[in-house]
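Right, one structure below, let's go through it.
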Amino acid sequence: MKGVILAIHPRARVVDLTHDIAPQDVTAAALLLRSAVRFFARGTVHLAVVDPGVGSTRRALVVVTRDALLVGPDNGLLQPAADALGRHAAYAIDVERLVKRKLLRAPISRTFHGRDVFAPVAAHLAKGLRPSAIGPAVEQMATLALPVGRVTPGGVEGAVIHIDHFGNCITNVTEAELGRFSGARLSVSLAGVTIRGIASAYSDAAEGAPLAIVNSWEHLEIAVRGGSAARQLGVERGARVHVAPE
Amino acid sequence: MKGVILAIHPRARVVDLTHDIAPQDVTAAALLLRSAVRFFARGTVHLAVVDPGVGSTRRALVVVTRDALLVGPDNGLLQPAADALGRHAAYAIDVERLVKRKLLRAPISRTFHGRDVFAPVAAHLAKGLRPSAIGPAVEQMATLALPVGRVTPGGVEGAVIHIDHFGNCITNVTEAELGRFSGARLSVSLAGVTIRGIASAYSDAAEGAPLAIVNSWEHLEIAVRGGSAARQLGVERGARVHVAPE
Amino acid sequence: MKGVILAIHPRARVVDLTHDIAPQDVTAAALLLRSAVRFFARGTVHLAVVDPGVGSTRRALVVVTRDALLVGPDNGLLQPAADALGRHAAYAIDVERLVKRKLLRAPISRTFHGRDVFAPVAAHLAKGLRPSAIGPAVEQMATLALPVGRVTPGGVEGAVIHIDHFGNCITNVTEAELGRFSGARLSVSLAGVTIRGIASAYSDAAEGAPLAIVNSWEHLEIAVRGGSAARQLGVERGARVHVAPE
């Protein structure tokens, strides 16, 4: 993909956001993308490919926001970031038209649209191609059934939606949801363990002890100081989490 | 390696092709390199290091092709890409001479010629050094005993040569070999499972079902929709694959 | 982090040194950093984050050396590289002051100072900000209790301090320590295996046999030709190593 981008636009600056998303995990990728886009320079083209439907009839999109463009499959991956940035317009990539205009190289492989469709489109956009030249305008893009935390009378019910490189367990409970219990000290229960209070640093816990913290996505995260919460607590993606005032 | 390259040639654009090749797997690296080189800009210097013979007397090469230069050990790694690009000439890196000319820094480590030999040579070439200044011309370079698919009266006998990050099993059977059975519907057998037909997208299979597809290297690949074929079918590198008309 | 850097300093050249350090392994990261810094161009800003104390009161540092700047947490990570490069001065990052001057963006997350503190500081330094503008001068920085090899009458006692991607076991015994036995042939014992002699290339050993070699950090490394020493010998980080003249 980078070879394709630089062949089209030799002065492009290409950075990798992550390669640690689990295969086919559109939800984790979408949340990470949403949390990251605001840190990039205005004018950035964000190219994201978690694409179980590659080669099928799923659409490929370019989304225009005030400060950035987003390129990727129309499977919900781009939607949270597009909403966060403020979506102005979206276009479906017309592969045939772009092949004819020599903006894409034929043949298009069946398994790697990242290389054959998304990367060249992103490069042409970064070089100045108008998004509307990519294909027809799209009114509705696929949305993601985000597993949001559910606020109940007794607290918030949530789930682990991503386990990172460190074994930290990131939940779908957001800082905003925790804010509803302003003032109250909260407990977090997960996998039979109850953690009292929300830490303000990993080092608030004793070595080897579990803790709950608001992470850099502004989501509730369960960690173990100096260790792997996933391994130590036996937690997998999907595990239920309960947050309640003490 | 990147620090060395940028110290020599601050304007070089450096991109990683992959870090997912299994240790010492010259064959998988050579095939990936061959499949990738044509997507890069004309003038690219391709630096590849899978180098079990580092520190021994194996030669280090610069290969000149019409559109690109290749730099790496003379163990077959560069040969498929060199053949695909059209080899014009090759030179053996003369480490002593380059140290004397201060193009390489002494001492040369015993275990990391990527940093101490290949990266600085690639940087000097990208900056404009003539390949013939690198060392003596080489007539024969090491070739790779590529495990090519074997066409038999009954079909094609092949093997899994690489398992990727997703657990997809890439075989040595190429699209060209499949093309010999033009028109016929093909079955692919592997690890006791028979897959009927070649899919045109991962999503042609049901969730969790195995499928065969031509991948972005133009090789036959066995995948599982939404899962890992290697894990689900219990396949390791080297597993036998049989393709036959139904 | 890269998005933040490029938003501040669009012409910065950013390269990754490694993402293979085990979580919280400040020692391995510090040794790798020390071994790598001398290969980068003069003027490089080295940004290193292995930061178990993120969010606590541990200081964040900028270290000035003759040829480079170092940025990271004050937990010993920077010290070996700073000593190797020759430390001239160090400054503690004054987060509040830098937020006020809009050099950092509020709010600062509790878990990702790489993104919110270290990356923007490194970018501003690379763009020309004086290090003394970062915060107050620091006299003493945290030092690392490096597990150095211990020279005894009978040889050197050491330990495995890092296991790399290939399963190579890198010890804390340095080439300088081996040099004390000049002329003598050395044996290396580890995990019940004795290896006779120090190899000058991996290929000096037979396929599948263990060997000892001085690696590119100039440390003693135990490897298995064509295999993983860690797996084959059952070695973990911390395993004891004994080197003695035969």
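Ordered as shown in the structure tokens, chains take letters A, B, and onward, while each chain numbers its residues from 1 and ligands are numbered from 1 in the order shown.
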
- [ ] Can you list, as a PyMOL selection string, all residues belonging to stretch 123-217 of chain C that DSSP tags as strand (DSSP E or B)?
- [x] chain C and resi 137+150-152+155-163+169-174+186-190+193-196+199+210-214

- [ ] May I ask you to extract the residues of chain C within 6 Å of chain B, using only C-alpha atoms, and to give them as a list in words?
- [x] Phe39, Phe40, Ala41, Ala201, Ser203, Asn215 and Ser216 of chain C

TODO: Name the residues in contact with B:Val148 at a cut-off of 10 Å, using only C-alpha atoms, excluding same-chain residues fewer than 5 positions from it; report them as a ChimeraX atom specification.
DONE: /B:156-159,161,171-174,177

Go ahead and write the residues just picked, C-alpha atoms, as a short mmCIF file (atom, residue, chain, number, x, y, z; two decimals), in the first residue's frame.
```cif
data_model
loop_
_atom_site.label_atom_id
_atom_site.label_comp_id
_atom_site.auth_asym_id
_atom_site.auth_seq_id
_atom_site.Cartn_x
_atom_site.Cartn_y
_atom_site.Cartn_z
CA VAL B 156 -1.92 -29.72 -9.62
CA GLU B 157 0.02 -30.91 -6.57
CA GLY B 158 1.22 -28.07 -4.38
CA ALA B 159 2.00 -27.02 -0.84
CA ILE B 161 4.33 -21.93 1.56
CA THR B 171 0.12 -22.07 -1.60
CA ASN B 172 2.74 -22.37 -4.33
CA VAL B 173 -0.01 -22.96 -6.89
CA THR B 174 -0.23 -19.94 -9.15
CA GLU B 177 -1.38 -23.09 -13.23
#
```

Open item on the list: Need the shell around stretch 62-77 of chain A: protein/DNA/RNA residues with any atom at most 7 Å away, counting only C-alpha atoms. Skip same-chain ones fewer than 2 positions apart. Format as a ChimeraX atom specification?
Closed with: /A:26-27,29-30,42-49,51,58-60,79,82,85-93,118,122,131,141-144

- [ ] Pick out the residues sitting within 12 Å of A:Gly234, and hand them over as number ranges by chain; count only C-alpha atoms, and ignore anything fewer than 4 positions along from it in its own chain.
- [x] A: 163, 167-169, 190-193, 224, 228-230, 238-239

Task: Between atom CA of B:Ile170 and atom CA of B:Pro245 - distance in Å to one decimal - done: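 Atom CA of B:Ile170 lies 19.8 Å from atom CA of B:Pro245.
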
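Straight-line separation from atom CA of A:Arg150 to atom CA of A:Ile198: 18.7 Å.
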
Task: Picked from stretch 37-176 of chain C by DSSP as alpha helix (DSSP H), as a PyMOL selection string - done: chain C and resi 37+79-85+95-100+113+119-126+175-176

- [ ] Go ahead and compute the interatomic distance for atom CA of A:Leu17 and atom CA of A:Ser35, in Å to one decimal.
- [x] 11.0 Å
